[in-house]
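Structure file entry31.txt; described as compact mmCIF, C-alpha atoms.
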# COMPACT_ATOMS: atom_id res chain seq x y z
CA MET A 1 -85.76 45.85 -44.56
CA GLU A 2 -85.40 44.20 -41.14
CA ASN A 3 -87.03 41.00 -40.05
CA SER A 4 -87.83 40.06 -36.51
CA LYS A 5 -84.85 37.79 -35.93
CA HIS A 6 -81.69 39.48 -37.14
CA PRO A 7 -80.49 42.39 -39.28
CA ILE A 8 -80.22 42.09 -43.06
CA GLY A 9 -76.77 43.64 -43.26
CA ILE A 10 -74.68 45.65 -40.81
CA VAL A 11 -71.62 47.88 -40.73
CA ALA A 12 -69.16 45.50 -39.07
CA ALA A 13 -67.37 48.27 -37.17
CA ASP A 14 -70.70 49.23 -35.57
CA ALA A 15 -71.21 45.75 -34.07
CA PRO A 16 -70.97 45.75 -30.27
CA PRO A 17 -67.60 44.59 -28.88
CA LYS A 18 -67.34 41.77 -26.34
CA THR A 19 -67.47 43.26 -22.89
CA LYS A 20 -64.72 40.97 -21.57
CA SER A 21 -61.43 40.91 -23.45
CA SER A 22 -60.90 37.16 -22.91
CA ASN A 23 -61.87 34.18 -20.75
CA TYR A 24 -58.27 33.38 -19.82
CA PRO A 25 -57.31 33.15 -16.15
CA GLU A 26 -54.62 35.49 -14.89
CA PRO A 27 -51.81 36.12 -15.57
CA PHE A 28 -52.94 35.59 -19.18
CA TYR A 29 -56.16 37.61 -19.05
CA SER A 30 -54.25 40.86 -18.62
CA ARG A 31 -52.20 40.16 -21.73
CA MET A 32 -55.36 40.46 -23.85
CA ASN A 33 -56.22 44.01 -22.82
CA LYS A 34 -55.14 45.48 -26.17
CA ARG A 35 -57.49 43.22 -28.13
CA GLU A 36 -61.12 44.00 -28.93
CA LYS A 37 -63.44 41.53 -30.65
CA ARG A 38 -66.74 42.33 -32.31
CA PRO A 39 -68.66 39.12 -32.93
CA LEU A 40 -70.33 39.30 -36.35
CA GLY A 41 -71.60 35.81 -37.16
CA ASP A 42 -73.49 35.62 -33.88
CA LEU A 43 -75.54 38.67 -34.88
CA PHE A 44 -76.94 36.63 -37.74
CA ASN A 45 -77.50 33.54 -35.56
CA LEU A 46 -74.72 31.61 -37.29
CA THR A 47 -73.63 28.60 -35.22
CA ASN A 48 -71.39 26.42 -37.40
CA TYR A 49 -68.54 28.90 -37.16
CA GLY A 50 -67.82 32.24 -35.58
CA VAL A 51 -66.66 35.39 -37.36
CA ASN A 52 -65.22 38.35 -35.45
CA LEU A 53 -63.93 41.76 -36.42
CA THR A 54 -60.89 42.07 -34.18
CA ARG A 55 -58.82 45.15 -33.39
CA LEU A 56 -55.32 45.01 -31.96
CA ALA A 57 -53.88 48.18 -30.50
CA PRO A 58 -50.08 48.48 -30.73
CA GLU A 59 -48.56 45.62 -28.69
CA GLY A 60 -51.87 43.77 -28.76
CA VAL A 61 -52.01 40.03 -29.38
CA SER A 62 -54.77 37.97 -30.98
CA ALA A 63 -54.50 35.24 -28.32
CA LEU A 64 -51.83 33.26 -26.55
CA ARG A 65 -50.04 31.29 -29.27
CA HIS A 66 -52.08 28.09 -29.57
CA ALA A 67 -53.10 25.16 -31.74
CA HIS A 68 -56.55 23.58 -32.07
CA SER A 69 -57.28 19.89 -32.38
CA ARG A 70 -60.47 20.27 -34.43
CA GLN A 71 -61.14 23.95 -35.11
CA ASP A 72 -59.98 25.45 -38.40
CA GLU A 73 -59.15 29.15 -38.20
CA PHE A 74 -58.74 31.84 -40.85
CA VAL A 75 -57.76 35.52 -40.73
CA TYR A 76 -58.00 38.28 -43.34
CA ILE A 77 -56.19 41.55 -42.65
CA LEU A 78 -58.23 44.73 -43.20
CA GLN A 79 -55.94 47.37 -41.71
CA GLY A 80 -52.45 47.58 -40.24
CA GLU A 81 -49.55 45.16 -40.20
CA PRO A 82 -49.87 42.47 -37.56
CA THR A 83 -47.11 39.89 -37.31
CA LEU A 84 -48.10 36.24 -37.56
CA VAL A 85 -46.09 33.90 -35.33
CA THR A 86 -46.04 30.17 -36.05
CA ASN A 87 -43.48 27.39 -35.60
CA ALA A 88 -41.91 28.68 -38.82
CA GLY A 89 -41.12 32.03 -37.22
CA GLU A 90 -42.54 35.49 -37.87
CA THR A 91 -44.32 36.80 -40.95
CA MET A 92 -45.59 40.35 -41.25
CA LEU A 93 -49.05 40.52 -42.78
CA ARG A 94 -50.54 43.49 -44.61
CA PRO A 95 -54.07 44.53 -45.61
CA GLY A 96 -55.43 42.12 -48.21
CA MET A 97 -53.37 39.22 -46.88
CA CYS A 98 -54.87 36.15 -45.29
CA ALA A 99 -53.73 33.06 -43.43
CA GLY A 100 -55.36 29.82 -42.37
CA PHE A 101 -54.64 27.46 -39.49
CA LYS A 102 -55.67 23.89 -40.08
CA ALA A 103 -56.77 21.96 -37.01
CA GLY A 104 -54.65 19.08 -35.82
CA THR A 105 -51.25 20.19 -37.10
CA GLY A 106 -49.96 21.16 -33.64
CA ASP A 107 -48.43 24.29 -35.15
CA GLY A 108 -49.37 27.10 -32.78
CA HIS A 109 -50.21 30.52 -34.13
CA HIS A 110 -51.12 34.01 -33.03
CA LEU A 111 -50.87 37.59 -34.26
CA ILE A 112 -48.86 40.29 -32.50
CA ASN A 113 -49.17 43.94 -33.40
CA ARG A 114 -45.54 45.06 -33.28
CA SER A 115 -46.35 48.26 -35.19
CA ASP A 116 -47.32 51.70 -33.92
CA ALA A 117 -50.70 51.61 -35.67
CA VAL A 118 -53.94 49.76 -35.01
CA ALA A 119 -54.41 46.45 -36.81
CA ILE A 120 -57.88 45.20 -37.75
CA TYR A 121 -58.74 41.81 -39.18
CA LEU A 122 -61.56 39.36 -39.72
CA GLU A 123 -61.18 36.00 -38.02
CA ALA A 124 -63.27 32.90 -38.59
CA GLY A 125 -63.22 29.71 -36.57
CA SER A 126 -65.30 26.56 -36.77
CA ARG A 127 -67.03 25.38 -33.59
CA GLN A 128 -66.34 21.76 -32.80
CA PRO A 129 -67.72 20.80 -29.38
CA ASP A 130 -64.83 18.34 -28.93
CA ASP A 131 -62.08 20.84 -29.76
CA LEU A 132 -58.99 21.04 -27.56
CA THR A 133 -56.82 24.17 -27.52
CA THR A 134 -53.17 23.80 -26.52
CA CYS A 135 -51.03 26.84 -25.84
CA SER A 136 -47.59 26.72 -27.42
CA ASP A 137 -45.54 28.88 -25.08
CA VAL A 138 -47.31 28.69 -21.71
CA ASP A 139 -48.56 25.81 -19.56
CA MET A 140 -52.25 25.96 -20.43
CA MET A 141 -54.84 24.09 -22.43
CA SER A 142 -58.62 24.12 -22.62
CA ALA A 143 -61.48 21.99 -23.86
CA ASN A 144 -64.61 23.31 -25.54
CA ALA A 145 -66.51 20.58 -23.69
CA ASP A 146 -66.30 22.38 -20.35
CA GLY A 147 -64.61 25.70 -21.17
CA ARG A 148 -62.13 25.23 -18.30
CA PHE A 149 -58.48 26.23 -18.57
CA ARG A 150 -56.01 23.67 -17.23
CA ARG A 151 -52.30 23.16 -16.93
CA LYS A 152 -51.02 20.50 -19.29
CA ASP A 153 -50.92 18.01 -16.37
CA GLY A 154 -54.70 18.47 -16.05
CA THR A 155 -54.70 20.76 -12.98
CA PRO A 156 -57.42 23.38 -13.43
CA TYR A 157 -56.62 27.07 -13.20
CA PRO A 158 -58.85 28.97 -10.77
CA GLN A 159 -62.07 30.08 -12.47
CA PRO A 160 -61.76 33.78 -13.30
CA MET B 1 -40.87 31.16 -44.05
CA GLU B 2 -42.70 28.46 -46.02
CA ASN B 3 -43.30 24.94 -44.87
CA SER B 4 -43.85 21.98 -47.12
CA LYS B 5 -47.62 21.83 -46.83
CA HIS B 6 -49.05 25.29 -47.32
CA PRO B 7 -48.08 28.96 -47.36
CA ILE B 8 -47.79 30.97 -44.14
CA GLY B 9 -49.72 33.94 -45.44
CA ILE B 10 -50.79 35.04 -48.91
CA VAL B 11 -52.10 38.10 -50.73
CA ALA B 12 -55.70 37.02 -51.25
CA ALA B 13 -56.00 38.73 -54.64
CA ASP B 14 -53.04 36.65 -55.87
CA ALA B 15 -54.79 33.35 -55.13
CA PRO B 16 -55.68 31.43 -58.29
CA PRO B 17 -59.31 31.75 -59.40
CA LYS B 18 -61.51 28.74 -60.01
CA THR B 19 -61.24 27.75 -63.64
CA LYS B 20 -64.97 27.07 -63.97
CA SER B 21 -67.36 29.84 -63.00
CA SER B 22 -69.93 27.43 -61.50
CA ASN B 23 -71.14 23.83 -61.49
CA TYR B 24 -74.71 24.78 -62.47
CA PRO B 25 -76.27 23.16 -65.51
CA GLU B 26 -77.42 25.44 -68.30
CA PRO B 27 -79.26 27.76 -68.60
CA PHE B 28 -77.97 28.76 -65.14
CA TYR B 29 -74.26 28.21 -65.77
CA SER B 30 -74.13 31.12 -68.22
CA ARG B 31 -75.63 33.47 -65.65
CA MET B 32 -72.49 33.07 -63.51
CA ASN B 33 -70.04 34.33 -66.12
CA LYS B 34 -69.52 37.66 -64.36
CA ARG B 35 -68.48 36.01 -61.10
CA GLU B 36 -64.94 34.95 -60.24
CA LYS B 37 -64.08 33.04 -57.07
CA ARG B 38 -60.64 32.64 -55.53
CA PRO B 39 -60.70 29.87 -52.92
CA LEU B 40 -58.62 30.93 -49.92
CA GLY B 41 -59.32 28.45 -47.13
CA ASP B 42 -58.48 25.51 -49.40
CA LEU B 43 -54.96 26.90 -49.86
CA PHE B 44 -54.40 26.37 -46.13
CA ASN B 45 -56.02 22.91 -46.15
CA LEU B 46 -59.04 24.11 -44.20
CA THR B 47 -61.93 21.67 -44.46
CA ASN B 48 -64.57 22.66 -41.89
CA TYR B 49 -65.58 25.68 -43.95
CA GLY B 50 -64.65 27.35 -47.18
CA VAL B 51 -63.58 30.97 -47.65
CA ASN B 52 -63.49 32.62 -51.06
CA LEU B 53 -62.50 36.04 -52.35
CA THR B 54 -65.23 36.68 -54.89
CA ARG B 55 -65.40 39.36 -57.58
CA LEU B 56 -68.59 40.40 -59.31
CA ALA B 57 -68.30 42.42 -62.48
CA PRO B 58 -71.21 44.80 -63.13
CA GLU B 59 -74.38 42.69 -63.56
CA GLY B 60 -72.65 39.76 -61.88
CA VAL B 61 -74.48 37.61 -59.34
CA SER B 62 -73.04 35.65 -56.42
CA ALA B 63 -75.24 32.62 -57.15
CA LEU B 64 -78.82 31.86 -58.01
CA ARG B 65 -80.87 33.04 -55.04
CA HIS B 66 -80.90 30.04 -52.69
CA ALA B 67 -81.25 28.77 -49.14
CA HIS B 68 -79.22 26.06 -47.40
CA SER B 69 -80.59 23.47 -45.02
CA ARG B 70 -77.40 23.08 -42.96
CA GLN B 71 -74.72 25.43 -44.28
CA ASP B 72 -74.27 28.82 -42.59
CA GLU B 73 -72.97 31.52 -44.91
CA PHE B 74 -71.36 34.90 -44.27
CA VAL B 75 -70.19 37.73 -46.53
CA TYR B 76 -68.01 40.79 -45.85
CA ILE B 77 -67.85 43.50 -48.50
CA LEU B 78 -64.34 44.71 -49.40
CA GLN B 79 -65.04 46.83 -52.46
CA GLY B 80 -68.04 48.08 -54.42
CA GLU B 81 -71.75 48.10 -53.65
CA PRO B 82 -73.43 44.78 -54.31
CA THR B 83 -77.15 44.48 -53.61
CA LEU B 84 -78.28 41.73 -51.26
CA VAL B 85 -81.59 40.12 -52.18
CA THR B 86 -83.54 38.15 -49.57
CA ASN B 87 -87.24 37.53 -48.91
CA ALA B 88 -87.23 40.96 -47.23
CA GLY B 89 -86.33 42.67 -50.50
CA GLU B 90 -83.17 44.45 -51.60
CA THR B 91 -80.44 46.00 -49.45
CA MET B 92 -77.41 47.74 -50.90
CA LEU B 93 -74.21 46.78 -49.12
CA ARG B 94 -71.04 48.87 -48.96
CA PRO B 95 -67.40 48.16 -48.06
CA GLY B 96 -67.15 47.28 -44.37
CA MET B 97 -70.66 45.82 -44.27
CA CYS B 98 -71.39 42.17 -43.64
CA ALA B 99 -74.34 39.81 -43.71
CA GLY B 100 -74.96 36.28 -42.53
CA PHE B 101 -77.34 33.61 -43.74
CA LYS B 102 -78.35 31.08 -41.14
CA ALA B 103 -79.04 27.58 -42.41
CA GLY B 104 -82.56 26.25 -42.22
CA THR B 105 -84.51 29.50 -42.38
CA GLY B 106 -85.66 28.95 -45.95
CA ASP B 107 -84.94 32.62 -46.72
CA GLY B 108 -83.07 32.60 -50.01
CA HIS B 109 -80.27 35.07 -50.61
CA HIS B 110 -77.83 36.23 -53.23
CA LEU B 111 -75.86 39.31 -54.20
CA ILE B 112 -76.36 41.18 -57.47
CA ASN B 113 -73.96 43.84 -58.63
CA ARG B 114 -76.34 46.47 -60.02
CA SER B 115 -73.58 49.10 -60.01
CA ASP B 116 -71.14 50.11 -62.76
CA ALA B 117 -68.09 49.15 -60.65
CA VAL B 118 -66.59 45.84 -59.63
CA ALA B 119 -67.68 44.44 -56.26
CA ILE B 120 -65.35 42.25 -54.19
CA TYR B 121 -66.24 40.39 -51.03
CA LEU B 122 -65.16 37.58 -48.76
CA GLU B 123 -67.61 34.72 -48.40
CA ALA B 124 -67.48 31.89 -45.89
CA GLY B 125 -69.63 28.78 -45.83
CA SER B 126 -69.60 25.74 -43.59
CA ARG B 127 -69.40 22.34 -45.24
CA GLN B 128 -72.08 19.95 -44.06
CA PRO B 129 -72.09 16.75 -46.11
CA ASP B 130 -75.87 16.49 -45.66
CA ASP B 131 -76.62 20.04 -46.82
CA LEU B 132 -79.44 20.66 -49.29
CA THR B 133 -79.52 23.83 -51.41
CA THR B 134 -82.89 25.04 -52.67
CA CYS B 135 -83.11 27.78 -55.27
CA SER B 136 -85.70 30.45 -54.52
CA ASP B 137 -86.63 31.68 -57.98
CA VAL B 138 -85.89 28.77 -60.33
CA ASP B 139 -86.83 25.08 -60.32
CA MET B 140 -83.56 23.64 -59.00
CA MET B 141 -82.10 22.11 -55.87
CA SER B 142 -78.95 20.16 -55.09
CA ALA B 143 -77.55 17.91 -52.39
CA ASN B 144 -73.96 17.96 -51.18
CA ALA B 145 -74.22 14.17 -50.88
CA ASP B 146 -74.03 13.64 -54.65
CA GLY B 147 -73.46 17.13 -56.06
CA ARG B 148 -76.26 16.63 -58.61
CA PHE B 149 -78.65 19.39 -59.59
CA ARG B 150 -82.31 18.37 -59.73
CA ARG B 151 -85.69 19.93 -60.36
CA LYS B 152 -87.74 20.20 -57.21
CA ASP B 153 -89.70 17.08 -58.28
CA GLY B 154 -86.42 15.14 -58.14
CA THR B 155 -85.74 14.94 -61.88
CA PRO B 156 -81.99 15.38 -62.45
CA TYR B 157 -80.69 18.06 -64.77
CA PRO B 158 -78.26 16.76 -67.41
CA GLN B 159 -74.70 16.64 -66.03
CA PRO B 160 -72.79 19.61 -67.40

Show me this structure written as structure tokens.
Amino acid sequence: MENSKHPIGIVAADAPPKTKSSNYPEPFYSRMNKREKRPLGDLFNLTNYGVNLTRLAPEGVSALRHAHSRQDEFVYILQGEPTLVTNAGETMLRPGMCAGFKAGTGDGHHLINRSDAVAIYLEAGSRQPDDLTTCSDVDMMSANADGRFRRKDGTPYPQP
Amino acid sequence: MENSKHPIGIVAADAPPKTKSSNYPEPFYSRMNKREKRPLGDLFNLTNYGVNLTRLAPEGVSALRHAHSRQDEFVYILQGEPTLVTNAGETMLRPGMCAGFKAGTGDGHHLINRSDAVAIYLEAGSRQPDDLTTCSDVDMMSANADGRFRRKDGTPYPQP
């Protein structure tokens, strides 16, 4: 039931996790050490969007709070109670809940696991080569075009 | 915690279902009457891809078996044991399993619920305006450009 290119179907939790918890430069990289992402879409050669199974240990965060210029994002909670932070404030999510983040609104979002239990969710994001990511609460932005992280005045952070 | 444009987070199962079970012409429309889709991404104004919470009653099918030219698709099983059918044959999926369908391979796919229990899954699909859908087992294809269903010789089916 396998073909030569990719599996037919997989147990998502068995997918290999990313070896590096993020591409952020320090001091932001270390903040991601309670997050683990298992890329799922890539295993099936999908390119138009990515899908990850992501696990946040207690105190883990999904990312620095950020907004995308072109990339739509979506999350669906499978386990635990992560808190969604947007410009509107904080909203606790539960299993079976979902949220979407339309590109271009400027409203930054991320999930924080403020609970004592692991949170697990699916996340999907489209892959626009001209996307710009702007962090809401720290002085950093990045462009898909070159993958570099910069201060908002354009000064690059050191490459990690 | 709500803004004027869309909700912050929702219970996916509370999202309103599509009122029409499919856009297929007969005799294919009637085959979709055990499928119910709740669009999720649309509720958050996402446009780059769609995400649905889809429910298949016993004997329900996700779609006619088909392949896309440009649209990547992904499913994650939340409940039940739908059977995935591809050119490789049949694979039973279980909760926590996922599968992806890369555009352009020509390998048609769909899910059939051969069990006695409801199956529920998340499905995501990118939205290329130039996508062509080709059915694997029946004489039908369609183009996103005009939304019309045609026989493979180009003859349009009657508009439903």

Any chance you could dump chain B, least-squares fitted to chain A on all C-alpha atoms in order, as an mmCIF file with C-alpha atoms, in the coordinates of the input?
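Saved the output as part-v5.cif:
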data_model
loop_
_atom_site.group_PDB
_atom_site.id
_atom_site.type_symbol
_atom_site.label_atom_id
_atom_site.label_comp_id
_atom_site.auth_asym_id
_atom_site.auth_seq_id
_atom_site.Cartn_x
_atom_site.Cartn_y
_atom_site.Cartn_z
ATOM 1 C CA MET B 1 -85.791 45.924 -44.506
ATOM 2 C CA GLU B 2 -85.411 44.265 -41.096
ATOM 3 C CA ASN B 3 -87.044 41.061 -40.029
ATOM 4 C CA SER B 4 -87.805 40.083 -36.480
ATOM 5 C CA LYS B 5 -84.851 37.777 -35.957
ATOM 6 C CA HIS B 6 -81.706 39.480 -37.167
ATOM 7 C CA PRO B 7 -80.492 42.381 -39.295
ATOM 8 C CA ILE B 8 -80.210 42.083 -43.079
ATOM 9 C CA GLY B 9 -76.778 43.639 -43.269
ATOM 10 C CA ILE B 10 -74.681 45.639 -40.820
ATOM 11 C CA VAL B 11 -71.615 47.871 -40.744
ATOM 12 C CA ALA B 12 -69.162 45.501 -39.082
ATOM 13 C CA ALA B 13 -67.378 48.268 -37.168
ATOM 14 C CA ASP B 14 -70.716 49.214 -35.567
ATOM 15 C CA ALA B 15 -71.214 45.746 -34.074
ATOM 16 C CA PRO B 16 -70.966 45.743 -30.279
ATOM 17 C CA PRO B 17 -67.620 44.572 -28.885
ATOM 18 C CA LYS B 18 -67.350 41.776 -26.359
ATOM 19 C CA THR B 19 -67.461 43.254 -22.890
ATOM 20 C CA LYS B 20 -64.718 40.966 -21.577
ATOM 21 C CA SER B 21 -61.424 40.914 -23.441
ATOM 22 C CA SER B 22 -60.901 37.159 -22.906
ATOM 23 C CA ASN B 23 -61.874 34.188 -20.748
ATOM 24 C CA TYR B 24 -58.257 33.384 -19.812
ATOM 25 C CA PRO B 25 -57.318 33.142 -16.157
ATOM 26 C CA GLU B 26 -54.635 35.487 -14.891
ATOM 27 C CA PRO B 27 -51.809 36.134 -15.567
ATOM 28 C CA PHE B 28 -52.940 35.603 -19.183
ATOM 29 C CA TYR B 29 -56.165 37.612 -19.038
ATOM 30 C CA SER B 30 -54.248 40.874 -18.622
ATOM 31 C CA ARG B 31 -52.198 40.171 -21.734
ATOM 32 C CA MET B 32 -55.370 40.466 -23.843
ATOM 33 C CA ASN B 33 -56.223 44.020 -22.822
ATOM 34 C CA LYS B 34 -55.149 45.484 -26.163
ATOM 35 C CA ARG B 35 -57.483 43.228 -28.137
ATOM 36 C CA GLU B 36 -61.114 44.011 -28.909
ATOM 37 C CA LYS B 37 -63.427 41.539 -30.635
ATOM 38 C CA ARG B 38 -66.738 42.322 -32.305
ATOM 39 C CA PRO B 39 -68.665 39.102 -32.940
ATOM 40 C CA LEU B 40 -70.328 39.290 -36.354
ATOM 41 C CA GLY B 41 -71.605 35.809 -37.178
ATOM 42 C CA ASP B 42 -73.490 35.612 -33.875
ATOM 43 C CA LEU B 43 -75.533 38.669 -34.884
ATOM 44 C CA PHE B 44 -76.948 36.615 -37.763
ATOM 45 C CA ASN B 45 -77.503 33.527 -35.583
ATOM 46 C CA LEU B 46 -74.724 31.595 -37.288
ATOM 47 C CA THR B 47 -73.641 28.599 -35.233
ATOM 48 C CA ASN B 48 -71.399 26.404 -37.403
ATOM 49 C CA TYR B 49 -68.557 28.904 -37.162
ATOM 50 C CA GLY B 50 -67.830 32.229 -35.580
ATOM 51 C CA VAL B 51 -66.649 35.385 -37.345
ATOM 52 C CA ASN B 52 -65.214 38.338 -35.452
ATOM 53 C CA LEU B 53 -63.930 41.766 -36.421
ATOM 54 C CA THR B 54 -60.891 42.064 -34.187
ATOM 55 C CA ARG B 55 -58.809 45.145 -33.396
ATOM 56 C CA LEU B 56 -55.320 45.011 -31.962
ATOM 57 C CA ALA B 57 -53.890 48.179 -30.502
ATOM 58 C CA PRO B 58 -50.093 48.471 -30.730
ATOM 59 C CA GLU B 59 -48.569 45.626 -28.663
ATOM 60 C CA GLY B 60 -51.884 43.782 -28.771
ATOM 61 C CA VAL B 61 -52.011 40.033 -29.364
ATOM 62 C CA SER B 62 -54.781 37.980 -30.963
ATOM 63 C CA ALA B 63 -54.501 35.237 -28.327
ATOM 64 C CA LEU B 64 -51.829 33.266 -26.563
ATOM 65 C CA ARG B 65 -50.038 31.297 -29.271
ATOM 66 C CA HIS B 66 -52.069 28.087 -29.574
ATOM 67 C CA ALA B 67 -53.109 25.161 -31.740
ATOM 68 C CA HIS B 68 -56.560 23.588 -32.070
ATOM 69 C CA SER B 69 -57.276 19.894 -32.377
ATOM 70 C CA ARG B 70 -60.470 20.266 -34.435
ATOM 71 C CA GLN B 71 -61.148 23.946 -35.105
ATOM 72 C CA ASP B 72 -59.971 25.447 -38.408
ATOM 73 C CA GLU B 73 -59.149 29.141 -38.197
ATOM 74 C CA PHE B 74 -58.739 31.836 -40.842
ATOM 75 C CA VAL B 75 -57.751 35.510 -40.727
ATOM 76 C CA TYR B 76 -57.990 38.289 -43.335
ATOM 77 C CA ILE B 77 -56.170 41.547 -42.652
ATOM 78 C CA LEU B 78 -58.224 44.720 -43.201
ATOM 79 C CA GLN B 79 -55.948 47.354 -41.708
ATOM 80 C CA GLY B 80 -52.459 47.582 -40.232
ATOM 81 C CA GLU B 81 -49.547 45.158 -40.205
ATOM 82 C CA PRO B 82 -49.863 42.474 -37.564
ATOM 83 C CA THR B 83 -47.104 39.877 -37.305
ATOM 84 C CA LEU B 84 -48.098 36.228 -37.544
ATOM 85 C CA VAL B 85 -46.100 33.892 -35.320
ATOM 86 C CA THR B 86 -46.044 30.155 -36.046
ATOM 87 C CA ASN B 87 -43.469 27.386 -35.585
ATOM 88 C CA ALA B 88 -41.908 28.679 -38.822
ATOM 89 C CA GLY B 89 -41.128 32.035 -37.223
ATOM 90 C CA GLU B 90 -42.549 35.491 -37.853
ATOM 91 C CA THR B 91 -44.325 36.807 -40.951
ATOM 92 C CA MET B 92 -45.599 40.356 -41.248
ATOM 93 C CA LEU B 93 -49.062 40.520 -42.769
ATOM 94 C CA ARG B 94 -50.547 43.499 -44.603
ATOM 95 C CA PRO B 95 -54.077 44.539 -45.615
ATOM 96 C CA GLY B 96 -55.421 42.113 -48.216
ATOM 97 C CA MET B 97 -53.360 39.212 -46.875
ATOM 98 C CA CYS B 98 -54.864 36.136 -45.286
ATOM 99 C CA ALA B 99 -53.722 33.055 -43.420
ATOM 100 C CA GLY B 100 -55.350 29.818 -42.368
ATOM 101 C CA PHE B 101 -54.639 27.467 -39.500
ATOM 102 C CA LYS B 102 -55.656 23.888 -40.085
ATOM 103 C CA ALA B 103 -56.772 21.958 -37.024
ATOM 104 C CA GLY B 104 -54.648 19.087 -35.825
ATOM 105 C CA THR B 105 -51.250 20.193 -37.099
ATOM 106 C CA GLY B 106 -49.970 21.148 -33.662
ATOM 107 C CA ASP B 107 -48.421 24.307 -35.144
ATOM 108 C CA GLY B 108 -49.375 27.094 -32.768
ATOM 109 C CA HIS B 109 -50.215 30.526 -34.117
ATOM 110 C CA HIS B 110 -51.112 34.016 -33.032
ATOM 111 C CA LEU B 111 -50.874 37.587 -34.257
ATOM 112 C CA ILE B 112 -48.860 40.283 -32.492
ATOM 113 C CA ASN B 113 -49.168 43.922 -33.411
ATOM 114 C CA ARG B 114 -45.537 45.063 -33.262
ATOM 115 C CA SER B 115 -46.365 48.246 -35.191
ATOM 116 C CA ASP B 116 -47.322 51.710 -33.919
ATOM 117 C CA ALA B 117 -50.720 51.614 -35.684
ATOM 118 C CA VAL B 118 -53.936 49.758 -35.002
ATOM 119 C CA ALA B 119 -54.409 46.443 -36.817
ATOM 120 C CA ILE B 120 -57.881 45.188 -37.753
ATOM 121 C CA TYR B 121 -58.731 41.801 -39.183
ATOM 122 C CA LEU B 122 -61.554 39.360 -39.723
ATOM 123 C CA GLU B 123 -61.170 35.999 -38.029
ATOM 124 C CA ALA B 124 -63.268 32.898 -38.584
ATOM 125 C CA GLY B 125 -63.213 29.703 -36.563
ATOM 126 C CA SER B 126 -65.296 26.559 -36.764
ATOM 127 C CA ARG B 127 -67.018 25.383 -33.606
ATOM 128 C CA GLN B 128 -66.336 21.754 -32.799
ATOM 129 C CA PRO B 129 -67.706 20.809 -29.382
ATOM 130 C CA ASP B 130 -64.832 18.340 -28.928
ATOM 131 C CA ASP B 131 -62.075 20.834 -29.760
ATOM 132 C CA LEU B 132 -58.986 21.033 -27.557
ATOM 133 C CA THR B 133 -56.813 24.167 -27.516
ATOM 134 C CA THR B 134 -53.168 23.790 -26.526
ATOM 135 C CA CYS B 135 -51.029 26.833 -25.833
ATOM 136 C CA SER B 136 -47.586 26.727 -27.425
ATOM 137 C CA ASP B 137 -45.535 28.882 -25.080
ATOM 138 C CA VAL B 138 -47.307 28.693 -21.709
ATOM 139 C CA ASP B 139 -48.551 25.812 -19.552
ATOM 140 C CA MET B 140 -52.250 25.955 -20.448
ATOM 141 C CA MET B 141 -54.840 24.076 -22.456
ATOM 142 C CA SER B 142 -58.622 24.119 -22.611
ATOM 143 C CA ALA B 143 -61.478 21.979 -23.864
ATOM 144 C CA ASN B 144 -64.608 23.310 -25.534
ATOM 145 C CA ALA B 145 -66.515 20.579 -23.683
ATOM 146 C CA ASP B 146 -66.285 22.384 -20.334
ATOM 147 C CA GLY B 147 -64.597 25.693 -21.166
ATOM 148 C CA ARG B 148 -62.120 25.229 -18.295
ATOM 149 C CA PHE B 149 -58.483 26.226 -18.551
ATOM 150 C CA ARG B 150 -56.016 23.655 -17.224
ATOM 151 C CA ARG B 151 -52.285 23.155 -16.940
ATOM 152 C CA LYS B 152 -51.022 20.506 -19.303
ATOM 153 C CA ASP B 153 -50.926 18.020 -16.383
ATOM 154 C CA GLY B 154 -54.695 18.487 -16.041
ATOM 155 C CA THR B 155 -54.692 20.755 -12.983
ATOM 156 C CA PRO B 156 -57.422 23.387 -13.430
ATOM 157 C CA TYR B 157 -56.611 27.068 -13.208
ATOM 158 C CA PRO B 158 -58.837 28.988 -10.775
ATOM 159 C CA GLN B 159 -62.065 30.102 -12.487
ATOM 160 C CA PRO B 160 -61.766 33.787 -13.313
#

Can you list, as a PDB file with C-alpha atoms, in the frame of the given file, every protein, DNA or RNA residue that comes within 9 Å of range 83-89 of chain B when you count all atoms listed in the file, leaving out same-chain residues fewer than 6 positions away?
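Generated output (around-v2.pdb):
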ATOM      1  CA  MET A   1     -85.760  45.850 -44.560  1.00  0.00           C
ATOM      2  CA  GLU A   2     -85.400  44.200 -41.140  1.00  0.00           C
ATOM      3  CA  ASN A   3     -87.030  41.000 -40.050  1.00  0.00           C
ATOM      4  CA  ILE A   8     -80.220  42.090 -43.060  1.00  0.00           C
ATOM      5  CA  GLY A   9     -76.770  43.640 -43.260  1.00  0.00           C
TER       6      GLY A   9
ATOM      7  CA  ARG B  65     -80.870  33.040 -55.040  1.00  0.00           C
ATOM      8  CA  ALA B  99     -74.340  39.810 -43.710  1.00  0.00           C
ATOM      9  CA  ASP B 107     -84.940  32.620 -46.720  1.00  0.00           C
ATOM     10  CA  GLY B 108     -83.070  32.600 -50.010  1.00  0.00           C
ATOM     11  CA  HIS B 109     -80.270  35.070 -50.610  1.00  0.00           C
ATOM     12  CA  HIS B 110     -77.830  36.230 -53.230  1.00  0.00           C
ATOM     13  CA  LEU B 111     -75.860  39.310 -54.200  1.00  0.00           C
ATOM     14  CA  ILE B 112     -76.360  41.180 -57.470  1.00  0.00           C
ATOM     15  CA  ASN B 113     -73.960  43.840 -58.630  1.00  0.00           C
ATOM     16  CA  ARG B 114     -76.340  46.470 -60.020  1.00  0.00           C
ATOM     17  CA  SER B 115     -73.580  49.100 -60.010  1.00  0.00           C
TER      18      SER B 115
END

Query raised in the report: Which residue gives the smallest distance to Ala15 in chain A among B:Pro82, B:Gly96, B:Gly60, B:Gly50, with only C-alpha atoms counted?
Result: B:Gly96
